[in-house]
>>> print(open('coords-v2.txt').read())   # compact mmCIF, N, CA and C atoms
# COMPACT_ATOMS: atom_id res chain seq x y z
N PHE W 1 17.04 26.02 48.58
CA PHE W 1 16.07 26.80 49.31
C PHE W 1 14.70 26.19 49.18
N SER W 2 13.93 26.36 50.23
CA SER W 2 12.68 25.62 50.30
C SER W 2 11.57 26.26 49.47
N TYR W 3 11.54 27.59 49.41
CA TYR W 3 10.47 28.26 48.68
C TYR W 3 10.96 28.65 47.30
N ARG W 4 10.21 28.26 46.28
CA ARG W 4 10.56 28.64 44.92
C ARG W 4 9.45 29.53 44.39
N PRO W 5 9.76 30.75 43.98
CA PRO W 5 8.71 31.66 43.49
C PRO W 5 8.10 31.13 42.19
N PRO W 6 6.80 31.40 41.95
CA PRO W 6 6.10 30.87 40.77
C PRO W 6 6.75 31.30 39.46
N LEU W 7 7.30 32.50 39.40
CA LEU W 7 7.92 32.98 38.17
C LEU W 7 9.10 32.09 37.80
N LEU W 8 9.91 31.78 38.79
CA LEU W 8 11.06 30.91 38.56
C LEU W 8 10.59 29.53 38.10
N ASP W 9 9.49 29.06 38.68
CA ASP W 9 8.91 27.77 38.30
C ASP W 9 8.55 27.73 36.81
N THR W 10 7.91 28.80 36.33
CA THR W 10 7.53 28.83 34.93
C THR W 10 8.74 28.93 34.02
N ILE W 11 9.76 29.65 34.46
CA ILE W 11 10.97 29.79 33.65
C ILE W 11 11.69 28.44 33.54
N LEU W 12 11.78 27.73 34.66
CA LEU W 12 12.51 26.47 34.67
C LEU W 12 11.78 25.34 33.95
N PHE W 13 10.46 25.24 34.15
CA PHE W 13 9.73 24.06 33.68
C PHE W 13 8.85 24.29 32.47
N ALA W 14 8.80 25.50 31.95
CA ALA W 14 7.94 25.77 30.78
C ALA W 14 8.32 24.93 29.57
N PRO W 15 9.60 24.82 29.22
CA PRO W 15 9.93 24.00 28.04
C PRO W 15 9.49 22.54 28.19
N TYR W 16 9.65 21.98 29.39
CA TYR W 16 9.25 20.59 29.62
C TYR W 16 7.74 20.44 29.52
N GLN W 17 7.01 21.42 30.07
CA GLN W 17 5.56 21.40 30.02
C GLN W 17 5.07 21.48 28.57
N GLN W 18 5.68 22.35 27.77
CA GLN W 18 5.30 22.50 26.37
C GLN W 18 5.55 21.21 25.61
N ARG W 19 6.69 20.59 25.86
CA ARG W 19 7.03 19.36 25.17
C ARG W 19 6.03 18.26 25.52
N ARG W 20 5.65 18.20 26.81
CA ARG W 20 4.70 17.19 27.26
C ARG W 20 3.34 17.42 26.61
N ASN W 21 2.92 18.69 26.54
CA ASN W 21 1.64 19.01 25.91
C ASN W 21 1.66 18.64 24.43
N ARG W 22 2.79 18.89 23.76
CA ARG W 22 2.91 18.58 22.34
C ARG W 22 2.76 17.08 22.11
N ARG W 23 3.43 16.28 22.97
CA ARG W 23 3.32 14.83 22.85
C ARG W 23 1.89 14.36 23.07
N PHE W 24 1.24 14.97 24.06
CA PHE W 24 -0.13 14.60 24.37
C PHE W 24 -1.04 14.90 23.18
N ASN W 25 -0.87 16.09 22.57
CA ASN W 25 -1.69 16.46 21.42
C ASN W 25 -1.44 15.54 20.24
N GLN W 26 -0.17 15.15 20.04
CA GLN W 26 0.14 14.24 18.94
C GLN W 26 -0.55 12.89 19.14
N SER W 27 -0.54 12.40 20.36
CA SER W 27 -1.17 11.10 20.61
C SER W 27 -2.69 11.21 20.43
N LYS W 28 -3.27 12.36 20.79
CA LYS W 28 -4.71 12.55 20.56
C LYS W 28 -5.03 12.53 19.07
N LYS W 29 -4.16 13.19 18.28
CA LYS W 29 -4.37 13.21 16.83
C LYS W 29 -4.27 11.80 16.25
N LEU W 30 -3.30 11.02 16.72
CA LEU W 30 -3.15 9.65 16.25
C LEU W 30 -4.40 8.83 16.55
N LEU W 31 -4.95 8.99 17.75
CA LEU W 31 -6.16 8.27 18.11
C LEU W 31 -7.32 8.65 17.20
N GLN W 32 -7.42 9.96 16.88
CA GLN W 32 -8.48 10.42 15.99
C GLN W 32 -8.31 9.81 14.59
N LEU W 33 -7.05 9.77 14.11
CA LEU W 33 -6.80 9.19 12.78
C LEU W 33 -7.16 7.71 12.74
N GLU W 34 -6.80 6.98 13.81
CA GLU W 34 -7.13 5.56 13.87
C GLU W 34 -8.64 5.36 13.89
N LYS W 35 -9.33 6.23 14.60
CA LYS W 35 -10.78 6.14 14.66
C LYS W 35 -11.40 6.38 13.28
N MET W 36 -10.85 7.39 12.56
CA MET W 36 -11.34 7.70 11.23
C MET W 36 -11.06 6.56 10.25
N ALA W 37 -9.90 5.89 10.42
CA ALA W 37 -9.55 4.78 9.53
C ALA W 37 -10.55 3.64 9.67
N GLY W 38 -11.08 3.45 10.85
CA GLY W 38 -12.06 2.40 11.07
C GLY W 38 -13.40 2.70 10.40
N GLU W 39 -13.68 3.99 10.18
CA GLU W 39 -14.96 4.40 9.59
C GLU W 39 -14.80 4.74 8.12
N ARG W 40 -14.11 3.92 7.37
CA ARG W 40 -13.89 4.19 5.95
C ARG W 40 -15.18 4.05 5.17
N LYS W 41 -15.21 4.74 4.04
CA LYS W 41 -16.36 4.62 3.15
C LYS W 41 -16.29 3.25 2.46
N ALA W 42 -17.46 2.74 2.10
CA ALA W 42 -17.50 1.46 1.39
C ALA W 42 -16.96 1.65 -0.02
N LYS W 43 -16.10 0.74 -0.45
CA LYS W 43 -15.54 0.82 -1.79
C LYS W 43 -16.59 0.36 -2.81
N PRO W 44 -16.58 0.96 -3.99
CA PRO W 44 -17.50 0.47 -5.01
C PRO W 44 -17.14 -0.97 -5.37
N ASP W 45 -18.17 -1.77 -5.60
CA ASP W 45 -17.95 -3.20 -5.83
C ASP W 45 -17.07 -3.50 -7.03
N LEU W 46 -17.53 -3.13 -8.20
CA LEU W 46 -16.83 -3.52 -9.42
C LEU W 46 -16.09 -2.31 -9.98
N VAL W 47 -14.77 -2.42 -10.02
CA VAL W 47 -13.96 -1.30 -10.51
C VAL W 47 -12.72 -1.85 -11.18
N SER W 48 -12.21 -1.12 -12.18
CA SER W 48 -10.97 -1.51 -12.86
C SER W 48 -10.04 -0.31 -12.90
N ARG W 49 -8.77 -0.54 -12.58
CA ARG W 49 -7.78 0.52 -12.63
C ARG W 49 -6.49 0.00 -13.26
N ASP W 50 -5.79 0.90 -13.95
CA ASP W 50 -4.47 0.57 -14.51
C ASP W 50 -3.40 1.10 -13.58
N TYR W 51 -2.47 0.24 -13.21
CA TYR W 51 -1.36 0.61 -12.33
C TYR W 51 -0.04 0.24 -12.99
N THR W 52 1.00 1.00 -12.66
CA THR W 52 2.37 0.60 -13.00
C THR W 52 3.00 0.09 -11.72
N ILE W 53 3.50 -1.13 -11.75
CA ILE W 53 4.16 -1.71 -10.57
C ILE W 53 5.66 -1.72 -10.84
N HIS W 54 6.41 -1.10 -9.94
CA HIS W 54 7.87 -1.07 -10.07
C HIS W 54 8.42 -2.33 -9.39
N LEU W 55 8.65 -3.35 -10.20
CA LEU W 55 9.08 -4.65 -9.67
C LEU W 55 10.53 -4.63 -9.19
N ALA W 56 11.37 -3.80 -9.83
CA ALA W 56 12.80 -3.80 -9.49
C ALA W 56 13.02 -3.48 -8.02
N LYS W 57 12.27 -2.52 -7.50
CA LYS W 57 12.46 -2.15 -6.09
C LYS W 57 11.85 -3.19 -5.15
N ARG W 58 10.93 -3.99 -5.67
CA ARG W 58 10.30 -5.00 -4.82
C ARG W 58 11.08 -6.30 -4.77
N VAL W 59 11.96 -6.54 -5.75
CA VAL W 59 12.77 -7.77 -5.73
C VAL W 59 14.25 -7.47 -5.53
N HIS W 60 14.55 -6.21 -5.19
CA HIS W 60 15.95 -5.83 -4.94
C HIS W 60 16.50 -6.63 -3.77
N LYS W 61 17.77 -7.01 -3.85
CA LYS W 61 18.46 -7.79 -2.82
C LYS W 61 17.79 -9.14 -2.57
N THR W 62 17.33 -9.75 -3.65
CA THR W 62 16.75 -11.09 -3.57
C THR W 62 17.67 -12.04 -4.33
N THR W 63 17.80 -13.25 -3.83
CA THR W 63 18.61 -14.27 -4.49
C THR W 63 18.12 -14.47 -5.92
N PHE W 64 19.06 -14.73 -6.83
CA PHE W 64 18.72 -14.89 -8.24
C PHE W 64 17.56 -15.84 -8.47
N LYS W 65 17.64 -17.02 -7.88
CA LYS W 65 16.64 -18.05 -8.16
C LYS W 65 15.28 -17.73 -7.53
N ALA W 66 15.22 -16.69 -6.73
CA ALA W 66 13.95 -16.32 -6.09
C ALA W 66 13.36 -15.04 -6.65
N LYS W 67 14.05 -14.40 -7.60
CA LYS W 67 13.62 -13.08 -8.08
C LYS W 67 12.25 -13.11 -8.75
N THR W 68 12.07 -13.94 -9.77
CA THR W 68 10.80 -13.93 -10.48
C THR W 68 9.65 -14.49 -9.63
N PRO W 69 9.86 -15.57 -8.86
CA PRO W 69 8.78 -15.98 -7.95
C PRO W 69 8.41 -14.87 -6.96
N ARG W 70 9.41 -14.15 -6.48
CA ARG W 70 9.13 -13.03 -5.57
C ARG W 70 8.35 -11.94 -6.29
N ALA W 71 8.68 -11.68 -7.56
CA ALA W 71 7.97 -10.67 -8.34
C ALA W 71 6.48 -11.02 -8.45
N ILE W 72 6.19 -12.30 -8.69
CA ILE W 72 4.79 -12.74 -8.78
C ILE W 72 4.08 -12.51 -7.45
N LYS W 73 4.76 -12.87 -6.36
CA LYS W 73 4.17 -12.68 -5.03
C LYS W 73 3.93 -11.20 -4.75
N GLN W 74 4.86 -10.35 -5.19
CA GLN W 74 4.72 -8.91 -4.96
C GLN W 74 3.56 -8.32 -5.77
N ILE W 75 3.35 -8.84 -6.98
CA ILE W 75 2.21 -8.39 -7.78
C ILE W 75 0.91 -8.75 -7.06
N LYS W 76 0.85 -9.97 -6.51
CA LYS W 76 -0.33 -10.39 -5.75
C LYS W 76 -0.55 -9.49 -4.53
N LYS W 77 0.54 -9.21 -3.83
CA LYS W 77 0.46 -8.37 -2.63
C LYS W 77 0.00 -6.96 -2.99
N PHE W 78 0.53 -6.42 -4.07
CA PHE W 78 0.14 -5.09 -4.54
C PHE W 78 -1.35 -5.06 -4.85
N ALA W 79 -1.83 -6.10 -5.53
CA ALA W 79 -3.25 -6.17 -5.89
C ALA W 79 -4.13 -6.27 -4.64
N GLN W 80 -3.68 -7.03 -3.65
CA GLN W 80 -4.44 -7.14 -2.41
C GLN W 80 -4.56 -5.78 -1.73
N ASP W 81 -3.44 -5.05 -1.65
CA ASP W 81 -3.44 -3.75 -0.99
C ASP W 81 -4.27 -2.73 -1.77
N ALA W 82 -4.15 -2.74 -3.09
CA ALA W 82 -4.83 -1.75 -3.91
C ALA W 82 -6.34 -1.98 -3.97
N MET W 83 -6.74 -3.24 -4.03
CA MET W 83 -8.15 -3.54 -4.23
C MET W 83 -8.87 -4.05 -2.98
N GLY W 84 -8.11 -4.39 -1.97
CA GLY W 84 -8.73 -4.81 -0.71
C GLY W 84 -9.40 -6.17 -0.74
N THR W 85 -8.89 -7.07 -1.58
CA THR W 85 -9.43 -8.44 -1.61
C THR W 85 -8.29 -9.42 -1.35
N LYS W 86 -8.61 -10.50 -0.66
CA LYS W 86 -7.58 -11.51 -0.40
C LYS W 86 -7.40 -12.43 -1.60
N ASP W 87 -8.48 -12.64 -2.34
CA ASP W 87 -8.45 -13.53 -3.49
C ASP W 87 -7.95 -12.77 -4.72
N VAL W 88 -6.71 -13.06 -5.15
CA VAL W 88 -6.13 -12.39 -6.32
C VAL W 88 -5.80 -13.46 -7.36
N ARG W 89 -6.25 -13.23 -8.59
CA ARG W 89 -5.99 -14.19 -9.68
C ARG W 89 -5.16 -13.49 -10.75
N ILE W 90 -4.01 -14.07 -11.03
CA ILE W 90 -3.09 -13.49 -12.01
C ILE W 90 -3.34 -14.14 -13.37
N GLY W 91 -3.51 -13.29 -14.39
CA GLY W 91 -3.76 -13.78 -15.73
C GLY W 91 -2.51 -14.44 -16.32
N THR W 92 -2.71 -15.33 -17.28
CA THR W 92 -1.58 -16.04 -17.88
C THR W 92 -0.66 -15.09 -18.63
N ASP W 93 -1.24 -14.01 -19.20
CA ASP W 93 -0.40 -13.05 -19.93
C ASP W 93 0.58 -12.34 -18.99
N VAL W 94 0.13 -12.03 -17.78
CA VAL W 94 1.02 -11.40 -16.79
C VAL W 94 2.12 -12.38 -16.40
N ASN W 95 1.73 -13.62 -16.15
CA ASN W 95 2.70 -14.64 -15.74
C ASN W 95 3.76 -14.84 -16.83
N LYS W 96 3.33 -14.93 -18.09
CA LYS W 96 4.28 -15.12 -19.19
C LYS W 96 5.20 -13.92 -19.34
N TYR W 97 4.64 -12.71 -19.17
CA TYR W 97 5.44 -11.48 -19.29
C TYR W 97 6.53 -11.42 -18.22
N VAL W 98 6.17 -11.79 -17.00
CA VAL W 98 7.13 -11.74 -15.89
C VAL W 98 8.20 -12.81 -16.05
N TRP W 99 7.81 -14.00 -16.51
CA TRP W 99 8.74 -15.11 -16.64
C TRP W 99 9.53 -15.10 -17.95
N ALA W 100 9.20 -14.19 -18.88
CA ALA W 100 9.79 -14.22 -20.23
C ALA W 100 11.31 -14.14 -20.22
N GLN W 101 11.89 -13.41 -19.28
CA GLN W 101 13.35 -13.24 -19.25
C GLN W 101 14.02 -14.18 -18.26
N GLY W 102 13.27 -15.14 -17.78
CA GLY W 102 13.86 -16.15 -16.91
C GLY W 102 13.66 -15.87 -15.44
N VAL W 103 14.24 -16.76 -14.63
CA VAL W 103 14.04 -16.70 -13.18
C VAL W 103 14.87 -15.58 -12.55
N ARG W 104 16.01 -15.26 -13.18
CA ARG W 104 16.94 -14.31 -12.57
C ARG W 104 16.67 -12.86 -12.93
N ASN W 105 15.86 -12.63 -13.97
CA ASN W 105 15.78 -11.29 -14.51
C ASN W 105 14.33 -10.88 -14.83
N PRO W 106 13.51 -10.65 -13.81
CA PRO W 106 12.15 -10.19 -14.09
C PRO W 106 12.17 -8.76 -14.64
N PRO W 107 11.11 -8.34 -15.33
CA PRO W 107 11.11 -6.97 -15.88
C PRO W 107 11.16 -5.93 -14.76
N LYS W 108 11.70 -4.76 -15.09
CA LYS W 108 11.84 -3.69 -14.08
C LYS W 108 10.48 -3.16 -13.65
N ARG W 109 9.61 -2.97 -14.64
CA ARG W 109 8.27 -2.45 -14.36
C ARG W 109 7.24 -3.26 -15.16
N ILE W 110 6.00 -3.20 -14.69
CA ILE W 110 4.91 -3.86 -15.41
C ILE W 110 3.65 -3.00 -15.26
N ARG W 111 2.92 -2.87 -16.34
CA ARG W 111 1.66 -2.12 -16.32
C ARG W 111 0.53 -3.15 -16.28
N VAL W 112 -0.30 -3.06 -15.24
CA VAL W 112 -1.35 -4.05 -15.07
C VAL W 112 -2.71 -3.38 -14.89
N ARG W 113 -3.74 -4.10 -15.26
CA ARG W 113 -5.12 -3.67 -15.01
C ARG W 113 -5.66 -4.54 -13.89
N LEU W 114 -6.01 -3.91 -12.77
CA LEU W 114 -6.60 -4.63 -11.65
C LEU W 114 -8.11 -4.44 -11.70
N SER W 115 -8.83 -5.54 -11.79
CA SER W 115 -10.30 -5.49 -11.87
C SER W 115 -10.88 -6.23 -10.67
N ARG W 116 -11.70 -5.53 -9.91
CA ARG W 116 -12.40 -6.18 -8.80
C ARG W 116 -13.70 -6.72 -9.35
N LYS W 117 -13.89 -8.04 -9.20
CA LYS W 117 -15.06 -8.71 -9.78
C LYS W 117 -15.80 -9.51 -8.74
N ARG W 118 -17.05 -9.84 -9.06
CA ARG W 118 -17.85 -10.67 -8.15
C ARG W 118 -17.48 -12.13 -8.31
N ASN W 119 -17.44 -12.84 -7.21
CA ASN W 119 -17.13 -14.26 -7.21
C ASN W 119 -18.37 -15.05 -7.60
N GLU W 120 -18.26 -15.85 -8.66
CA GLU W 120 -19.40 -16.64 -9.13
C GLU W 120 -19.63 -17.86 -8.23
N ASP W 121 -18.57 -18.30 -7.56
CA ASP W 121 -18.65 -19.47 -6.70
C ASP W 121 -19.51 -19.14 -5.48
N GLU W 122 -20.56 -19.90 -5.25
CA GLU W 122 -21.50 -19.60 -4.16
C GLU W 122 -20.87 -19.80 -2.78
N ASP W 123 -20.07 -20.87 -2.63
CA ASP W 123 -19.53 -21.19 -1.32
C ASP W 123 -18.15 -20.58 -1.09
N ALA W 124 -17.83 -19.50 -1.79
CA ALA W 124 -16.52 -18.84 -1.63
C ALA W 124 -16.53 -18.02 -0.34
N GLU W 125 -15.34 -17.90 0.26
CA GLU W 125 -15.21 -17.12 1.50
C GLU W 125 -15.50 -15.65 1.24
N GLU W 126 -14.91 -15.11 0.16
CA GLU W 126 -15.10 -13.70 -0.16
C GLU W 126 -16.02 -13.57 -1.37
N LYS W 127 -16.81 -12.50 -1.37
CA LYS W 127 -17.73 -12.32 -2.50
C LYS W 127 -17.07 -11.61 -3.67
N LEU W 128 -15.87 -11.03 -3.45
CA LEU W 128 -15.15 -10.34 -4.52
C LEU W 128 -13.76 -10.92 -4.71
N TYR W 129 -13.24 -10.84 -5.93
CA TYR W 129 -11.86 -11.22 -6.19
C TYR W 129 -11.25 -10.19 -7.13
N THR W 130 -9.91 -10.19 -7.22
CA THR W 130 -9.21 -9.26 -8.10
C THR W 130 -8.55 -10.04 -9.23
N LEU W 131 -8.76 -9.57 -10.45
CA LEU W 131 -8.13 -10.16 -11.61
C LEU W 131 -7.04 -9.23 -12.11
N VAL W 132 -5.83 -9.77 -12.28
CA VAL W 132 -4.69 -8.98 -12.75
C VAL W 132 -4.44 -9.32 -14.22
N GLN W 133 -4.51 -8.28 -15.08
CA GLN W 133 -4.29 -8.48 -16.51
C GLN W 133 -3.18 -7.55 -16.98
N LEU W 134 -2.47 -7.98 -18.01
CA LEU W 134 -1.37 -7.19 -18.55
C LEU W 134 -1.90 -6.09 -19.46
N VAL W 135 -1.29 -4.89 -19.35
CA VAL W 135 -1.58 -3.79 -20.27
C VAL W 135 -0.29 -3.50 -21.02
N GLU W 136 -0.30 -3.70 -22.32
CA GLU W 136 0.90 -3.48 -23.13
C GLU W 136 1.11 -1.98 -23.32
N VAL W 137 2.32 -1.50 -23.00
CA VAL W 137 2.67 -0.09 -23.22
C VAL W 137 4.04 -0.02 -23.87
N SER W 138 4.26 1.04 -24.67
CA SER W 138 5.56 1.19 -25.32
C SER W 138 6.59 1.74 -24.34
N THR W 139 6.16 2.67 -23.45
CA THR W 139 7.07 3.23 -22.46
C THR W 139 6.31 3.46 -21.16
N PHE W 140 7.03 3.46 -20.06
CA PHE W 140 6.41 3.67 -18.75
C PHE W 140 6.47 5.13 -18.31
N LYS W 141 7.07 5.98 -19.12
CA LYS W 141 7.27 7.39 -18.75
C LYS W 141 5.92 8.11 -18.66
N GLY W 142 5.73 8.83 -17.58
CA GLY W 142 4.57 9.70 -17.44
C GLY W 142 3.24 9.01 -17.21
N LEU W 143 3.26 7.71 -16.99
CA LEU W 143 1.99 6.99 -16.76
C LEU W 143 1.56 7.16 -15.31
N GLN W 144 0.26 7.28 -15.12
CA GLN W 144 -0.29 7.37 -13.78
C GLN W 144 -1.41 6.36 -13.63
N THR W 145 -1.88 6.21 -12.39
CA THR W 145 -2.99 5.31 -12.15
C THR W 145 -4.24 5.88 -12.82
N GLU W 146 -4.94 5.03 -13.55
CA GLU W 146 -6.14 5.48 -14.27
C GLU W 146 -7.30 4.55 -13.99
N ASN W 147 -8.47 5.15 -13.79
CA ASN W 147 -9.69 4.35 -13.69
C ASN W 147 -10.12 3.96 -15.09
N VAL W 148 -10.53 2.70 -15.24
CA VAL W 148 -10.94 2.19 -16.54
C VAL W 148 -12.42 1.88 -16.50
N ASP W 149 -13.16 2.32 -17.52
CA ASP W 149 -14.57 1.98 -17.59
C ASP W 149 -14.71 0.53 -18.02
N SER W 150 -15.28 -0.28 -17.17
CA SER W 150 -15.46 -1.70 -17.53
C SER W 150 -16.78 -1.83 -18.28
N ALA W 151 -16.69 -1.77 -19.61
CA ALA W 151 -17.90 -1.82 -20.43
C ALA W 151 -18.05 -3.17 -21.09
>>> encode(input="coords-v2.txt", output="structure tokens")
Amino acid sequence: FSYRPPLLDTILFAPYQQRRNRRFNQSKKLLQLEKMAGERKAKPDLVSRDYTIHLAKRVHKTTFKAKTPRAIKQIKKFAQDAMGTKDVRIGTDVNKYVWAQGVRNPPKRIRVRLSRKRNEDEDAEEKLYTLVQLVEVSTFKGLQTENVDSA
């Protein structure tokens, strides 16, 4: 039939209209979130934090001979994400701790202190770098991320 009454129109198409509106609102919210992400607050320059890195989940399903090298790369990647610097320097104590059990068996977890420091090199690309240092702990149970006073 050629004429469709408005009531029937709302009954038939209301669910589709609601779904379309919901999608539209979700996309608007996403745009707002992206806009807010661009306007982040400036991070404080020099800061130190203690983190526990779960290496086992980061090197899972990796070939034996690539496990410990992958663990080192994952520590670097974690430091980059946490501190927002591309230049990450791993301390020798961290390297020795990760390599202590060989190439096939890196430790399950590691507690590290990430310190964002100023680059002394004048012609460096970035003015900040991250230093990764080992924090010795007896157990990893109940540890959380902690800010450390760099005195």
>>> select_by_dssp(input="coords-v2.txt", residues="range 39-85 of chain W", states="strand (DSSP E)", output="NGL selection string")
:W and (47-54)
>>> residues_around(input="coords-v2.txt", residues="Ala79 in chain W", least_positions_apart="3", cutoff="8 Å", atoms="only C-alpha atoms", output="number ranges by chain")
W: 75-76, 82-85, 88, 114, 130, 132
>>> axis_aligned_box(input="coords-v2.txt", around="range 69-88 of chain W", padding_each_side="4 Å", output="AutoDock Vina command-line options")
--center_x 0.2 --center_y -8.9 --center_z -4.6 --size_x 27.3 --size_y 22.2 --size_z 16.5
>>> atom_distance(input="coords-v2.txt", atom1="CA of Lys57 in chain W", atom2="CA of Gln74 in chain W")
10.3 Å
>>> residues_around(input="coords-v2.txt", residues="Leu128 in chain W", least_positions_apart="5", cutoff="8 Å", atoms="only N, CA and C atoms", output="list of chain:residue names")
W:Asp45, W:Gly84, W:Thr85, W:Lys86, W:Asp87, W:Val88, W:Arg116, W:Lys117, W:Arg118, W:Asn119, W:Glu120
>>> atom_distance(input="coords-v2.txt", atom1="CA of Asp93 in chain W", atom2="CA of Arg58 in chain W")
20.2 Å
>>> select_by_dssp(input="coords-v2.txt", residues="chain W", states="alpha helix (DSSP H)", output="NGL selection string")
:W and (6-38 or 55-58 or 67-83 or 92-99)
>>> closest_residue(input="coords-v2.txt", among="W:Asp81, W:Val103, W:Arg111, W:Leu46", to="Thr68 in chain W", atoms="all atoms listed in the file")
W:Val103
>>> closest_residue(input="coords-v2.txt", among="W:Leu31, W:Val112, W:Val47, W:Leu55", to="Leu134 in chain W", atoms="only N, CA and C atoms")
W:Val112
>>> residues_near_point(input="coords-v2.txt", point="(9.0, -0.1, -20.2)", cutoff="8 Å", atoms="all atoms listed in the file", output="ChimeraX atom specification")
/W:108-111,137-141
>>> write_last_selection(input="coords-v2.txt", atoms="N, CA and C atoms", output="mmCIF file, in the frame of the given file")
data_model
loop_
_atom_site.group_PDB
_atom_site.id
_atom_site.type_symbol
_atom_site.label_atom_id
_atom_site.label_comp_id
_atom_site.auth_asym_id
_atom_site.auth_seq_id
_atom_site.Cartn_x
_atom_site.Cartn_y
_atom_site.Cartn_z
ATOM 1 N N LYS W 108 11.700 -4.760 -15.090
ATOM 2 C CA LYS W 108 11.840 -3.690 -14.080
ATOM 3 C C LYS W 108 10.480 -3.160 -13.650
ATOM 4 N N ARG W 109 9.610 -2.970 -14.640
ATOM 5 C CA ARG W 109 8.270 -2.450 -14.360
ATOM 6 C C ARG W 109 7.240 -3.260 -15.160
ATOM 7 N N ILE W 110 6.000 -3.200 -14.690
ATOM 8 C CA ILE W 110 4.910 -3.860 -15.410
ATOM 9 C C ILE W 110 3.650 -3.000 -15.260
ATOM 10 N N ARG W 111 2.920 -2.870 -16.340
ATOM 11 C CA ARG W 111 1.660 -2.120 -16.320
ATOM 12 C C ARG W 111 0.530 -3.150 -16.280
ATOM 13 N N VAL W 137 2.320 -1.500 -23.000
ATOM 14 C CA VAL W 137 2.670 -0.090 -23.220
ATOM 15 C C VAL W 137 4.040 -0.020 -23.870
ATOM 16 N N SER W 138 4.260 1.040 -24.670
ATOM 17 C CA SER W 138 5.560 1.190 -25.320
ATOM 18 C C SER W 138 6.590 1.740 -24.340
ATOM 19 N N THR W 139 6.160 2.670 -23.450
ATOM 20 C CA THR W 139 7.070 3.230 -22.460
ATOM 21 C C THR W 139 6.310 3.460 -21.160
ATOM 22 N N PHE W 140 7.030 3.460 -20.060
ATOM 23 C CA PHE W 140 6.410 3.670 -18.750
ATOM 24 C C PHE W 140 6.470 5.130 -18.310
ATOM 25 N N LYS W 141 7.070 5.980 -19.120
ATOM 26 C CA LYS W 141 7.270 7.390 -18.750
ATOM 27 C C LYS W 141 5.920 8.110 -18.660
#
>>> atom_distance(input="coords-v2.txt", atom1="CA of Arg70 in chain W", atom2="CA of Asp121 in chain W")
28.5 Å
>>> residues_around(input="coords-v2.txt", residues="Glu146 in chain W", least_positions_apart="5", cutoff="7 Å", atoms="only N, CA and C atoms", output="list in words")
Ser48, Arg49, Asp50 and Tyr51 of chain W
>>> write_last_selection(input="coords-v2.txt", atoms="N, CA and C atoms", output="compact mmCIF listing (two decimals), in the coordinates of the input")
# COMPACT_ATOMS: atom_id res chain seq x y z
N SER W 48 -12.21 -1.12 -12.18
CA SER W 48 -10.97 -1.51 -12.86
C SER W 48 -10.04 -0.31 -12.90
N ARG W 49 -8.77 -0.54 -12.58
CA ARG W 49 -7.78 0.52 -12.63
C ARG W 49 -6.49 0.00 -13.26
N ASP W 50 -5.79 0.90 -13.95
CA ASP W 50 -4.47 0.57 -14.51
C ASP W 50 -3.40 1.10 -13.58
N TYR W 51 -2.47 0.24 -13.21
CA TYR W 51 -1.36 0.61 -12.33
C TYR W 51 -0.04 0.24 -12.99
